[in-house]
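*Asks:* Sharing coords22.tsv below, TSV, C-alpha atoms and all ligand atoms:
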chain	number	residue	atom	x	y	z
P	1	MET	CA	51.63	-11.22	-63.56
P	2	THR	CA	51.23	-7.53	-62.87
P	3	ALA	CA	48.73	-6.73	-60.12
P	4	PRO	CA	45.36	-5.39	-61.28
P	5	ALA	CA	45.30	-1.63	-61.82
P	6	PRO	CA	43.23	0.42	-59.35
P	7	GLY	CA	39.55	-0.30	-59.99
P	8	GLU	CA	40.39	-3.37	-62.07
P	9	VAL	CA	39.52	-6.95	-61.14
P	10	HIS	CA	41.18	-9.91	-62.84
P	11	VAL	CA	38.81	-12.87	-63.10
P	12	TRP	CA	40.50	-16.17	-63.93
P	13	LEU	CA	38.36	-18.90	-65.47
P	14	VAL	CA	39.51	-22.38	-64.42
P	15	ASP	CA	38.21	-25.48	-66.16
P	16	LEU	CA	37.97	-28.12	-63.44
P	17	SER	CA	37.50	-31.03	-65.86
P	18	THR	CA	41.26	-31.38	-66.06
P	19	PRO	CA	43.14	-34.50	-67.16
P	20	GLU	CA	44.53	-36.70	-64.38
P	21	SER	CA	48.16	-35.74	-65.14
P	22	ALA	CA	47.49	-32.01	-64.67
P	23	THR	CA	45.52	-32.74	-61.49
P	24	ALA	CA	48.52	-34.59	-60.06
P	25	ASP	CA	50.77	-31.61	-60.87
P	26	LEU	CA	48.43	-29.16	-59.15
P	27	ALA	CA	48.06	-31.48	-56.12
P	28	ARG	CA	51.78	-31.03	-55.43
P	29	TYR	CA	51.13	-27.38	-54.48
P	30	LEU	CA	48.57	-28.16	-51.78
P	31	ASP	CA	49.35	-28.32	-48.08
P	32	PRO	CA	48.29	-31.35	-45.98
P	33	THR	CA	45.06	-29.68	-44.82
P	34	GLU	CA	44.01	-28.88	-48.38
P	35	LEU	CA	44.81	-32.43	-49.50
P	36	GLU	CA	42.88	-33.88	-46.57
P	37	ARG	CA	39.91	-31.69	-47.47
P	38	ALA	CA	39.97	-32.87	-51.07
P	39	LYS	CA	40.12	-36.51	-49.94
P	40	ARG	CA	36.87	-36.09	-48.04
P	41	PHE	CA	34.87	-35.69	-51.28
P	42	ARG	CA	32.97	-38.89	-51.95
P	43	THR	CA	33.34	-38.91	-55.73
P	44	ALA	CA	36.49	-38.86	-57.87
P	45	ALA	CA	35.09	-35.84	-59.75
P	46	GLY	CA	34.58	-33.97	-56.46
P	47	ARG	CA	38.15	-34.72	-55.35
P	48	ARG	CA	39.56	-33.68	-58.73
P	49	ARG	CA	37.61	-30.40	-58.81
P	50	GLN	CA	38.69	-29.47	-55.29
P	51	ILE	CA	42.38	-30.17	-56.06
P	52	VAL	CA	42.32	-28.27	-59.35
P	53	ALA	CA	40.52	-25.25	-57.85
P	54	ALA	CA	42.86	-25.06	-54.84
P	55	GLY	CA	45.96	-25.67	-57.00
P	56	ALA	CA	44.90	-23.09	-59.58
P	57	LEU	CA	44.28	-20.54	-56.82
P	58	ARG	CA	47.82	-21.11	-55.51
P	59	ARG	CA	49.35	-20.89	-59.01
P	60	VAL	CA	47.51	-17.67	-59.86
P	61	LEU	CA	48.34	-15.96	-56.55
P	62	ALA	CA	51.97	-17.18	-56.64
P	63	ASP	CA	52.41	-15.59	-60.03
P	64	TYR	CA	51.31	-12.18	-58.76
P	65	LEU	CA	53.45	-12.53	-55.63
P	66	GLY	CA	56.56	-13.89	-57.38
P	67	LEU	CA	56.57	-17.02	-55.20
P	68	GLU	CA	56.34	-20.77	-55.63
P	69	PRO	CA	52.69	-21.90	-55.40
P	70	GLY	CA	53.39	-24.02	-52.32
P	71	ALA	CA	54.79	-20.96	-50.52
P	72	VAL	CA	51.52	-18.98	-50.65
P	73	GLY	CA	50.10	-18.72	-47.13
P	74	PHE	CA	46.49	-18.09	-46.16
P	75	ARG	CA	44.56	-16.90	-43.14
P	76	VAL	CA	40.78	-16.73	-42.72
P	77	GLY	CA	38.52	-13.84	-41.75
P	78	PRO	CA	35.90	-14.03	-38.98
P	79	CYS	CA	33.31	-15.67	-41.27
P	80	GLY	CA	35.81	-17.93	-43.03
P	81	LYS	CA	36.85	-15.74	-45.97
P	82	PRO	CA	40.36	-16.79	-47.04
P	83	GLU	CA	42.87	-13.95	-47.37
P	84	LEU	CA	46.62	-13.86	-47.96
P	85	ALA	CA	48.62	-14.52	-44.81
P	86	LEU	CA	50.44	-11.71	-43.08
P	87	GLN	CA	53.75	-13.43	-43.90
P	88	HIS	CA	53.37	-11.82	-47.32
P	89	GLY	CA	54.00	-8.47	-45.67
P	90	VAL	CA	52.14	-5.45	-46.87
P	91	THR	CA	50.72	-6.99	-50.03
P	92	HIS	CA	47.49	-5.32	-51.02
P	93	LEU	CA	46.40	-8.23	-53.18
P	94	ARG	CA	42.87	-9.46	-52.43
P	95	PHE	CA	41.17	-12.48	-53.94
P	96	ASN	CA	38.09	-14.63	-53.84
P	97	LEU	CA	37.24	-18.05	-55.24
P	98	SER	CA	34.02	-19.66	-56.39
P	99	HIS	CA	33.31	-23.01	-57.99
P	100	SER	CA	30.31	-24.75	-59.48
P	101	GLU	CA	30.57	-28.16	-61.12
P	102	ASP	CA	33.36	-27.95	-63.72
P	103	LEU	CA	34.09	-24.22	-63.52
P	104	ALA	CA	35.98	-22.21	-60.92
P	105	LEU	CA	36.60	-18.47	-60.90
P	106	VAL	CA	39.43	-16.74	-59.08
P	107	ALA	CA	38.92	-12.97	-58.75
P	108	VAL	CA	41.95	-10.83	-57.89
P	109	ALA	CA	41.95	-7.14	-56.98
P	110	ASP	CA	44.58	-4.80	-55.62
P	111	GLY	CA	43.80	-2.99	-52.39
P	112	ALA	CA	40.05	-3.56	-52.37
P	113	PRO	CA	37.82	-6.38	-51.17
P	114	VAL	CA	36.43	-8.60	-53.90
P	115	GLY	CA	33.78	-11.31	-54.07
P	116	VAL	CA	32.89	-13.69	-56.87
P	117	ASP	CA	30.19	-16.27	-57.47
P	118	VAL	CA	29.53	-18.76	-60.25
P	119	GLU	CA	26.46	-20.95	-60.54
P	120	ARG	CA	25.86	-23.77	-62.97
P	121	LEU	CA	22.50	-23.03	-64.64
P	122	ARG	CA	20.05	-25.64	-63.41
P	123	ILE	CA	16.43	-26.04	-62.43
P	124	VAL	CA	15.91	-24.50	-58.99
P	125	PRO	CA	12.76	-26.06	-57.55
P	126	ARG	CA	10.31	-23.40	-56.31
P	127	ALA	CA	12.63	-20.54	-57.35
P	128	SER	CA	9.94	-17.87	-57.06
P	129	GLN	CA	8.94	-19.04	-53.56
P	130	LEU	CA	12.60	-18.96	-52.52
P	131	ALA	CA	12.95	-15.44	-53.91
P	132	ARG	CA	9.82	-14.28	-52.10
P	133	ARG	CA	11.12	-15.73	-48.88
P	134	TYR	CA	14.73	-14.51	-49.00
P	135	PHE	CA	15.18	-11.72	-51.54
P	136	HIS	CA	14.48	-8.00	-51.24
P	137	GLU	CA	11.13	-6.76	-52.60
P	138	ALA	CA	12.86	-4.84	-55.43
P	139	GLU	CA	14.44	-8.10	-56.62
P	140	ILE	CA	11.16	-9.97	-56.38
P	141	ALA	CA	9.57	-7.26	-58.56
P	142	ASP	CA	12.47	-7.64	-61.03
P	143	LEU	CA	11.94	-11.39	-61.21
P	144	GLU	CA	8.23	-10.84	-61.89
P	145	THR	CA	9.12	-8.40	-64.69
P	146	VAL	CA	11.32	-10.91	-66.51
P	147	ASN	CA	8.87	-13.73	-65.84
P	148	GLY	CA	8.29	-15.51	-69.14
P	149	LEU	CA	11.14	-13.72	-70.94
P	150	GLU	CA	13.72	-16.11	-69.58
P	151	PRO	CA	13.42	-19.31	-67.52
P	152	GLU	CA	12.56	-18.57	-63.89
P	153	SER	CA	15.50	-20.60	-62.52
P	154	GLN	CA	17.95	-18.78	-64.80
P	155	ALA	CA	16.76	-15.32	-63.68
P	156	PHE	CA	16.81	-16.45	-60.05
P	157	LEU	CA	20.40	-17.74	-60.34
P	158	ARG	CA	21.55	-14.56	-62.12
P	159	CYS	CA	20.20	-12.43	-59.28
P	160	TRP	CA	21.55	-14.91	-56.71
P	161	SER	CA	25.10	-14.80	-58.10
P	162	CYS	CA	25.16	-10.97	-57.90
P	163	LYS	CA	23.93	-11.12	-54.31
P	164	GLU	CA	26.38	-13.83	-53.31
P	165	ALA	CA	29.30	-11.99	-54.94
P	166	PHE	CA	28.45	-8.94	-52.79
P	167	VAL	CA	28.22	-10.82	-49.47
P	168	LYS	CA	31.43	-12.69	-50.33
P	169	ALA	CA	33.18	-9.38	-51.00
P	170	LEU	CA	32.09	-8.22	-47.55
P	171	GLY	CA	33.39	-11.52	-46.13
P	172	GLU	CA	30.07	-12.22	-44.41
P	173	GLY	CA	28.94	-14.86	-46.87
P	174	LEU	CA	25.43	-16.20	-46.44
P	175	THR	CA	25.36	-15.22	-42.76
P	176	ARG	CA	24.17	-11.84	-44.11
P	177	PRO	CA	20.37	-11.91	-44.51
P	178	LEU	CA	19.70	-11.56	-48.22
P	179	ASN	CA	16.83	-9.10	-47.79
P	180	THR	CA	19.04	-6.53	-46.01
P	181	PHE	CA	20.37	-5.31	-49.37
P	182	ALA	CA	19.14	-5.26	-52.95
P	183	VAL	CA	20.78	-5.65	-56.34
P	184	ALA	CA	19.43	-4.72	-59.76
P	185	ALA	CA	20.57	-7.65	-61.85
P	186	LEU	CA	17.79	-8.52	-64.26
P	187	THR	CA	16.31	-5.39	-65.78
P	188	THR	CA	19.47	-3.27	-65.53
P	189	ASP	CA	22.66	-3.67	-67.51
P	190	PRO	CA	25.22	-3.53	-65.98
P	191	ALA	CA	24.02	-4.94	-62.68
P	192	ARG	CA	24.38	-2.70	-59.65
P	193	LEU	CA	23.86	-2.53	-55.93
P	194	LEU	CA	20.57	-0.69	-55.34
P	195	TRP	CA	20.32	-0.47	-51.60
P	196	ASP	CA	22.18	-1.56	-48.47
P	197	GLY	CA	20.20	-1.42	-45.23
P	198	ARG	CA	23.41	-1.32	-43.20
P	199	ASP	CA	25.23	1.40	-45.13
P	200	PRO	CA	23.34	3.90	-47.29
P	201	THR	CA	26.62	4.92	-48.98
P	202	SER	CA	27.26	1.37	-50.29
P	203	PRO	CA	25.54	1.72	-53.71
P	204	ALA	CA	27.95	4.52	-54.60
P	205	LYS	CA	30.95	2.60	-53.33
P	206	TRP	CA	30.37	-0.87	-54.80
P	207	GLY	CA	30.29	-2.19	-58.32
P	208	ILE	CA	28.75	-5.48	-59.42
P	209	ALA	CA	29.40	-7.00	-62.85
P	210	ASP	CA	28.03	-10.01	-64.65
P	211	ILE	CA	30.81	-12.13	-66.10
P	212	ASP	CA	30.26	-13.92	-69.37
P	213	VAL	CA	31.34	-17.50	-68.64
P	214	GLY	CA	29.43	-19.24	-71.41
P	215	PRO	CA	25.89	-20.56	-71.77
P	216	GLU	CA	25.99	-23.17	-68.99
P	217	TYR	CA	26.87	-20.91	-66.07
P	218	THR	CA	26.03	-17.51	-64.64
P	219	ALA	CA	28.61	-15.52	-62.70
P	220	ALA	CA	29.16	-12.15	-61.06
P	221	VAL	CA	31.90	-10.24	-59.30
P	222	ALA	CA	31.60	-7.45	-56.70
P	223	ALA	CA	34.31	-4.95	-55.80
P	224	ARG	CA	34.76	-1.27	-55.11
P	225	ALA	CA	33.33	1.02	-57.80
P	226	PRO	CA	34.13	1.93	-60.50
P	227	LEU	CA	34.66	-1.69	-61.47
P	228	ARG	CA	36.43	-2.90	-64.58
P	229	VAL	CA	36.73	-6.63	-65.19
P	230	ARG	CA	39.53	-8.30	-67.10
P	231	ARG	CA	38.71	-11.91	-67.88
P	232	LEU	CA	41.58	-14.38	-68.20
P	233	ARG	CA	41.76	-18.10	-68.76
P	234	PHE	CA	43.91	-20.35	-66.57
P	235	ASP	CA	45.42	-23.34	-68.34
P	236	PRO	CA	46.10	-26.12	-65.79
P	237	VAL	CA	48.14	-28.12	-68.30
P	238	SER	CA	50.60	-25.37	-69.20
P	239	PRO	CA	53.40	-24.29	-66.87
P	240	ARG	CA	52.50	-20.74	-67.91
P	241	LEU	CA	49.36	-19.14	-66.60
P	242	PHE	CA	47.58	-19.09	-69.92
P	243	ALA	CA	47.98	-21.28	-72.95
P	244	PRO	CA	50.60	-20.06	-75.45
P	245	GLY	CA	48.92	-17.81	-77.98
P	246	ALA	CA	45.85	-17.31	-75.80
P	247	ARG	CA	45.30	-13.65	-75.15
P	248	PRO	CA	43.73	-12.28	-72.01
P	249	GLU	CA	40.20	-11.10	-72.74
P	250	ARG	CA	39.12	-7.66	-71.65
P	251	HIS	CA	35.56	-7.20	-70.48
P	252	THR	CA	34.01	-4.20	-68.80
M	1	LIG	C1	31.13	-19.00	-48.04
M	1	LIG	C2	29.89	-19.28	-48.84
M	1	LIG	C3	29.33	-17.97	-49.34
M	1	LIG	C4	30.28	-20.21	-50.01
M	1	LIG	O1	29.19	-20.43	-50.85
M	1	LIG	P1	29.16	-21.55	-52.01
M	1	LIG	O2	28.18	-21.09	-53.03
M	1	LIG	O3	28.96	-22.87	-51.38
M	1	LIG	O4	30.61	-21.64	-52.58
M	1	LIG	P2	31.48	-20.83	-53.62
M	1	LIG	O5	32.05	-21.86	-54.50
M	1	LIG	O6	30.84	-19.64	-54.26
M	1	LIG	O7	32.64	-20.22	-52.67
M	1	LIG	C5	33.46	-21.07	-51.90
M	1	LIG	C6	34.73	-20.32	-51.61
M	1	LIG	O8	34.45	-19.05	-51.01
M	1	LIG	C7	35.52	-18.73	-50.12
M	1	LIG	N1	34.90	-18.37	-48.84
M	1	LIG	C8	34.68	-19.12	-47.74
M	1	LIG	N2	34.07	-18.36	-46.78
M	1	LIG	C9	33.91	-17.13	-47.31
M	1	LIG	C10	33.35	-15.91	-46.80
M	1	LIG	N3	32.84	-15.81	-45.56
M	1	LIG	N4	33.34	-14.83	-47.62
M	1	LIG	C11	33.85	-14.91	-48.86
M	1	LIG	N5	34.40	-16.03	-49.39
M	1	LIG	C12	34.42	-17.13	-48.61
M	1	LIG	C13	36.44	-19.94	-50.05
M	1	LIG	O9	37.55	-19.70	-50.87
M	1	LIG	C14	35.58	-21.05	-50.61
M	1	LIG	O10	36.34	-22.01	-51.31
M	1	LIG	P3	36.51	-23.49	-50.73
M	1	LIG	O11	35.10	-23.99	-50.50
M	1	LIG	O12	37.22	-24.24	-51.78
M	1	LIG	O13	37.26	-23.29	-49.47
M	1	LIG	C15	28.81	-19.98	-47.97
M	1	LIG	O14	29.21	-21.30	-47.73
M	1	LIG	C16	28.61	-19.27	-46.64
M	1	LIG	O15	28.26	-18.13	-46.53
M	1	LIG	N6	28.75	-19.97	-45.55
M	1	LIG	C17	28.53	-19.39	-44.24
M	1	LIG	C18	29.77	-18.88	-43.62
M	1	LIG	C19	29.67	-19.04	-42.12
M	1	LIG	O16	28.70	-19.52	-41.59
M	1	LIG	N7	30.75	-18.67	-41.39
M	1	LIG	C20	30.86	-18.88	-40.00
M	1	LIG	C21	30.19	-17.88	-39.14
M	1	LIG	S1	30.45	-16.18	-39.53
Using structure tokens, write down the structure that the file contains.
Ligand SMILES: CC(C)(COP(=O)(O)OP(=O)(O)OC[C@H]1O[C@@H](n2cnc3c(N)ncnc32)[C@H](O)[C@@H]1OP(=O)(O)O)[C@@H](O)C(=O)NCCC(=O)NCCS
*Replies:*
Amino acid sequence: MTAPAPGEVHVWLVDLSTPESATADLARYLDPTELERAKRFRTAAGRRRQIVAAGALRRVLADYLGLEPGAVGFRVGPCGKPELALQHGVTHLRFNLSHSEDLALVAVADGAPVGVDVERLRIVPRASQLARRYFHEAEIADLETVNGLEPESQAFLRCWSCKEAFVKALGEGLTRPLNTFAVAALTTDPARLLWDGRDPTSPAKWGIADIDVGPEYTAAVAARAPLRVRRLRFDPVSPRLFAPGARPERHT
């Protein structure tokens, strides 16, 4: 697979509800720590999803790097963000992973940090109270504007996924207080970073995009602006990255 062009992010959709045979194939790529981690999930579905997500991540990255999946090495940043290990030399490939129930996304960019988040649409108890407590006032106002036009939990999760994609791109994750920056995700299309209390130049430098992942999930990716997203589908059953005949989908 050719690395993403400058400004482009490849987002791989991975169906985690994979048949047992494909799960066993993907498990062969994992190292002992990854296998041990998967074993700690209490349910069979949890174990399967963890193995498929970690195996798919290795297969996707290996294809860009021209390696066997088991040979891909990782290191972690100060707040736990996985990155490619230095053994891969001066590769500029950056990635991020997110999973929710039966869907995982692997975002890949070249030379720029990237963050991705997917959320299964669900009822979030007391969503508006949570927003008032943790979100920026501009986002709370946005949520009030859409109130009634779409379910409260859905709007909350849409805004949440844009925010989480941004803090995952930074590598800080949820250690970053969510009211120290603001996204416009609900009344603006495309979404964008509105304000960053730590770096006033951020809104010009970062792009945030919603990713269409079907009616049951909401998802977003954050990377350096201008951001173009190419959506691709990973087929765990095929030895090739996507199913024969399936064409990569382009989405901006
Ligand atoms: C990382 C975090 C954002 C994940 O949120 P989530 O909604 O549960 O999970 P997602 O499915 O979207 O993402 C999980 C993936 O993000 C990646 N990830 C882990 N830490 C990350 C970070 N700091 N930044 C970006 N990505 C990270 C991993 O690939 C992880 O996959 P894995 O769980 O299979 O290992 C959240 O757990 C978090 O912020 N935790 C706090 C981090 C922390 O306290 N670090 C130590 C002190 S700085």
*Asks:* Can you tell me which residues sit at most 10 Å away from ligand LIG 1 (chain M), counting all atoms listed in the file, written as a ChimeraX atom specification?
*Replies:* /P:34,37-38,49-54,57,76-83,95-101,103-106,113-119,160-161,164-176,219
*Asks:* Using only C-alpha atoms, which of P:Glu137, P:Leu61, P:Ala44, P:Arg120 sits nearest P:Leu241?
*Replies:*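 Among P:Glu137, P:Leu61, P:Ala44, P:Arg120, it is P:Leu61 that comes nearest to P:Leu241.
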*Asks:* When distances are computed from all atoms listed in the file, which of P:Leu149, P:Cys159, P:Val124, P:Ala223 shows the smallest separation from P:Ala204?
*Replies:*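 Among P:Leu149, P:Cys159, P:Val124, P:Ala223, it is P:Ala223 that comes nearest to P:Ala204.
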*Asks:* Env of P:Asp102: 7 Å cut, atoms = only C-alpha atoms, seq-sep filter 5 positions within chain, self excluded. Answer as a PDB file with C-alpha atoms, in the frame of the given file.
*Replies:*
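Once everything was written out, this is out28.pdb:
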ATOM      1  CA  ASP P  15      38.210 -25.480 -66.160  1.00  0.00           C
ATOM      2  CA  LEU P  16      37.970 -28.120 -63.440  1.00  0.00           C
ATOM      3  CA  SER P  17      37.500 -31.030 -65.860  1.00  0.00           C
ATOM      4  CA  ARG P  49      37.610 -30.400 -58.810  1.00  0.00           C
TER       5      ARG P  49
END
*Asks:* Which residue, P:Val72, P:Ile211, P:Ala109, P:Ala184, has the smallest gap to P:Ala5 when you use all atoms listed in the file?
*Replies:*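 So, comparing all the options, the nearest one is P:Ala109.
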*Asks:* Please provide as a VMD selection string all residues within 7 Å of P:Cys162, with the sequence filter that same-chain residues fewer than 5 positions apart are discarded (counting all atoms listed in the file).
*Replies:* chain P and resid 185 208 220 to 221
*Asks:* Save the residues we just selected, C-alpha atoms, as an mmCIF file, in the coordinates of the input?
*Replies:*
data_model
loop_
_atom_site.group_PDB
_atom_site.id
_atom_site.type_symbol
_atom_site.label_atom_id
_atom_site.label_comp_id
_atom_site.auth_asym_id
_atom_site.auth_seq_id
_atom_site.Cartn_x
_atom_site.Cartn_y
_atom_site.Cartn_z
ATOM 1 C CA ALA P 185 20.570 -7.650 -61.850
ATOM 2 C CA ILE P 208 28.750 -5.480 -59.420
ATOM 3 C CA ALA P 220 29.160 -12.150 -61.060
ATOM 4 C CA VAL P 221 31.900 -10.240 -59.300
#
*Asks:* Between P:Leu157, P:Ala107, P:Val183, P:Ala138, which has the minimum distance to P:Val229 (counting all atoms listed in the file)?
*Replies:* P:Ala107
*Asks:* Taking all atoms listed in the file into account, which of P:Asp235, P:Asp63, P:Glu144, P:Glu150 comes nearest P:Val108?
*Replies:*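 Checking each of P:Asp235, P:Asp63, P:Glu144, P:Glu150 against P:Val108, counting all atoms listed in the file, the winner is P:Asp63.
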*Asks:* Report, in Å with one decimal, the straight-line distance from atom CA of P:Glu8 to atom CA of P:Leu30.
*Replies:*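 Taking atom CA of P:Glu8 and atom CA of P:Leu30, their separation equals 28.1 Å.
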*Asks:* Given the choices P:Gly111, P:Gly197, P:Gly207, P:Gly148, which gets closest to P:Arg228 if the distance is worked out from all atoms listed in the file?
*Replies:*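 Closest to P:Arg228, using all atoms listed in the file: P:Gly207.
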*Asks:* Distance atom CA of P:Leu93-atom CA of P:Pro203, one decimal place?
*Replies:*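 One can read the atom CA of P:Leu93 to atom CA of P:Pro203 distance as 23.1 Å.
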*Asks:* Could you rebuild stretch 52-75 of chain P with N, CA and C atoms and give me the result as a PDB file, in the coordinates of the input?
*Replies:*
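As a result, part.pdb now contains:
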ATOM      1  N   VAL P  52      41.993 -29.199 -58.254  1.00  0.00           N
ATOM      2  CA  VAL P  52      42.320 -28.270 -59.350  1.00  0.00           C
ATOM      3  C   VAL P  52      41.999 -26.827 -58.938  1.00  0.00           C
ATOM      4  N   ALA P  53      40.875 -26.619 -58.261  1.00  0.00           N
ATOM      5  CA  ALA P  53      40.520 -25.250 -57.850  1.00  0.00           C
ATOM      6  C   ALA P  53      41.561 -24.712 -56.855  1.00  0.00           C
ATOM      7  N   ALA P  54      41.907 -25.523 -55.858  1.00  0.00           N
ATOM      8  CA  ALA P  54      42.860 -25.060 -54.840  1.00  0.00           C
ATOM      9  C   ALA P  54      44.256 -24.881 -55.453  1.00  0.00           C
ATOM     10  N   GLY P  55      44.651 -25.785 -56.351  1.00  0.00           N
ATOM     11  CA  GLY P  55      45.960 -25.670 -57.000  1.00  0.00           C
ATOM     12  C   GLY P  55      46.026 -24.470 -57.923  1.00  0.00           C
ATOM     13  N   ALA P  56      44.947 -24.247 -58.674  1.00  0.00           N
ATOM     14  CA  ALA P  56      44.900 -23.090 -59.580  1.00  0.00           C
ATOM     15  C   ALA P  56      44.974 -21.793 -58.784  1.00  0.00           C
ATOM     16  N   LEU P  57      44.249 -21.744 -57.670  1.00  0.00           N
ATOM     17  CA  LEU P  57      44.280 -20.540 -56.820  1.00  0.00           C
ATOM     18  C   LEU P  57      45.717 -20.257 -56.390  1.00  0.00           C
ATOM     19  N   ARG P  58      46.428 -21.307 -55.946  1.00  0.00           N
ATOM     20  CA  ARG P  58      47.820 -21.110 -55.510  1.00  0.00           C
ATOM     21  C   ARG P  58      48.702 -20.652 -56.678  1.00  0.00           C
ATOM     22  N   ARG P  59      48.516 -21.275 -57.870  1.00  0.00           N
ATOM     23  CA  ARG P  59      49.350 -20.890 -59.010  1.00  0.00           C
ATOM     24  C   ARG P  59      49.109 -19.437 -59.416  1.00  0.00           C
ATOM     25  N   VAL P  60      47.844 -19.045 -59.447  1.00  0.00           N
ATOM     26  CA  VAL P  60      47.510 -17.670 -59.860  1.00  0.00           C
ATOM     27  C   VAL P  60      48.108 -16.673 -58.853  1.00  0.00           C
ATOM     28  N   LEU P  61      47.863 -16.917 -57.557  1.00  0.00           N
ATOM     29  CA  LEU P  61      48.340 -15.960 -56.550  1.00  0.00           C
ATOM     30  C   LEU P  61      49.874 -15.929 -56.519  1.00  0.00           C
ATOM     31  N   ALA P  62      50.499 -17.102 -56.665  1.00  0.00           N
ATOM     32  CA  ALA P  62      51.970 -17.180 -56.640  1.00  0.00           C
ATOM     33  C   ALA P  62      52.561 -16.334 -57.762  1.00  0.00           C
ATOM     34  N   ASP P  63      51.890 -16.339 -58.901  1.00  0.00           N
ATOM     35  CA  ASP P  63      52.410 -15.590 -60.030  1.00  0.00           C
ATOM     36  C   ASP P  63      52.395 -14.080 -59.768  1.00  0.00           C
ATOM     37  N   TYR P  64      51.351 -13.613 -59.108  1.00  0.00           N
ATOM     38  CA  TYR P  64      51.310 -12.180 -58.760  1.00  0.00           C
ATOM     39  C   TYR P  64      52.379 -11.858 -57.706  1.00  0.00           C
ATOM     40  N   LEU P  65      52.575 -12.805 -56.774  1.00  0.00           N
ATOM     41  CA  LEU P  65      53.450 -12.530 -55.630  1.00  0.00           C
ATOM     42  C   LEU P  65      54.914 -12.826 -55.922  1.00  0.00           C
ATOM     43  N   GLY P  66      55.175 -13.512 -57.061  1.00  0.00           N
ATOM     44  CA  GLY P  66      56.560 -13.890 -57.380  1.00  0.00           C
ATOM     45  C   GLY P  66      57.070 -14.979 -56.452  1.00  0.00           C
ATOM     46  N   LEU P  67      56.206 -15.928 -56.107  1.00  0.00           N
ATOM     47  CA  LEU P  67      56.570 -17.020 -55.200  1.00  0.00           C
ATOM     48  C   LEU P  67      56.309 -18.356 -55.865  1.00  0.00           C
ATOM     49  N   GLU P  68      56.756 -19.435 -55.218  1.00  0.00           N
ATOM     50  CA  GLU P  68      56.340 -20.770 -55.630  1.00  0.00           C
ATOM     51  C   GLU P  68      54.913 -20.987 -55.107  1.00  0.00           C
ATOM     52  N   PRO P  69      54.071 -21.723 -55.858  1.00  0.00           N
ATOM     53  CA  PRO P  69      52.690 -21.900 -55.400  1.00  0.00           C
ATOM     54  C   PRO P  69      52.565 -22.483 -53.984  1.00  0.00           C
ATOM     55  N   GLY P  70      53.476 -23.403 -53.652  1.00  0.00           N
ATOM     56  CA  GLY P  70      53.390 -24.020 -52.320  1.00  0.00           C
ATOM     57  C   GLY P  70      53.749 -23.051 -51.207  1.00  0.00           C
ATOM     58  N   ALA P  71      54.359 -21.921 -51.550  1.00  0.00           N
ATOM     59  CA  ALA P  71      54.790 -20.960 -50.520  1.00  0.00           C
ATOM     60  C   ALA P  71      53.713 -19.925 -50.197  1.00  0.00           C
ATOM     61  N   VAL P  72      52.593 -19.957 -50.933  1.00  0.00           N
ATOM     62  CA  VAL P  72      51.520 -18.980 -50.650  1.00  0.00           C
ATOM     63  C   VAL P  72      50.844 -19.382 -49.341  1.00  0.00           C
ATOM     64  N   GLY P  73      50.719 -18.430 -48.428  1.00  0.00           N
ATOM     65  CA  GLY P  73      50.100 -18.720 -47.130  1.00  0.00           C
ATOM     66  C   GLY P  73      48.760 -18.016 -47.016  1.00  0.00           C
ATOM     67  N   PHE P  74      47.831 -18.648 -46.303  1.00  0.00           N
ATOM     68  CA  PHE P  74      46.490 -18.090 -46.160  1.00  0.00           C
ATOM     69  C   PHE P  74      46.138 -17.901 -44.683  1.00  0.00           C
ATOM     70  N   ARG P  75      45.219 -17.004 -44.444  1.00  0.00           N
ATOM     71  CA  ARG P  75      44.560 -16.900 -43.140  1.00  0.00           C
ATOM     72  C   ARG P  75      43.082 -16.753 -43.434  1.00  0.00           C
TER      73      ARG P  75
END
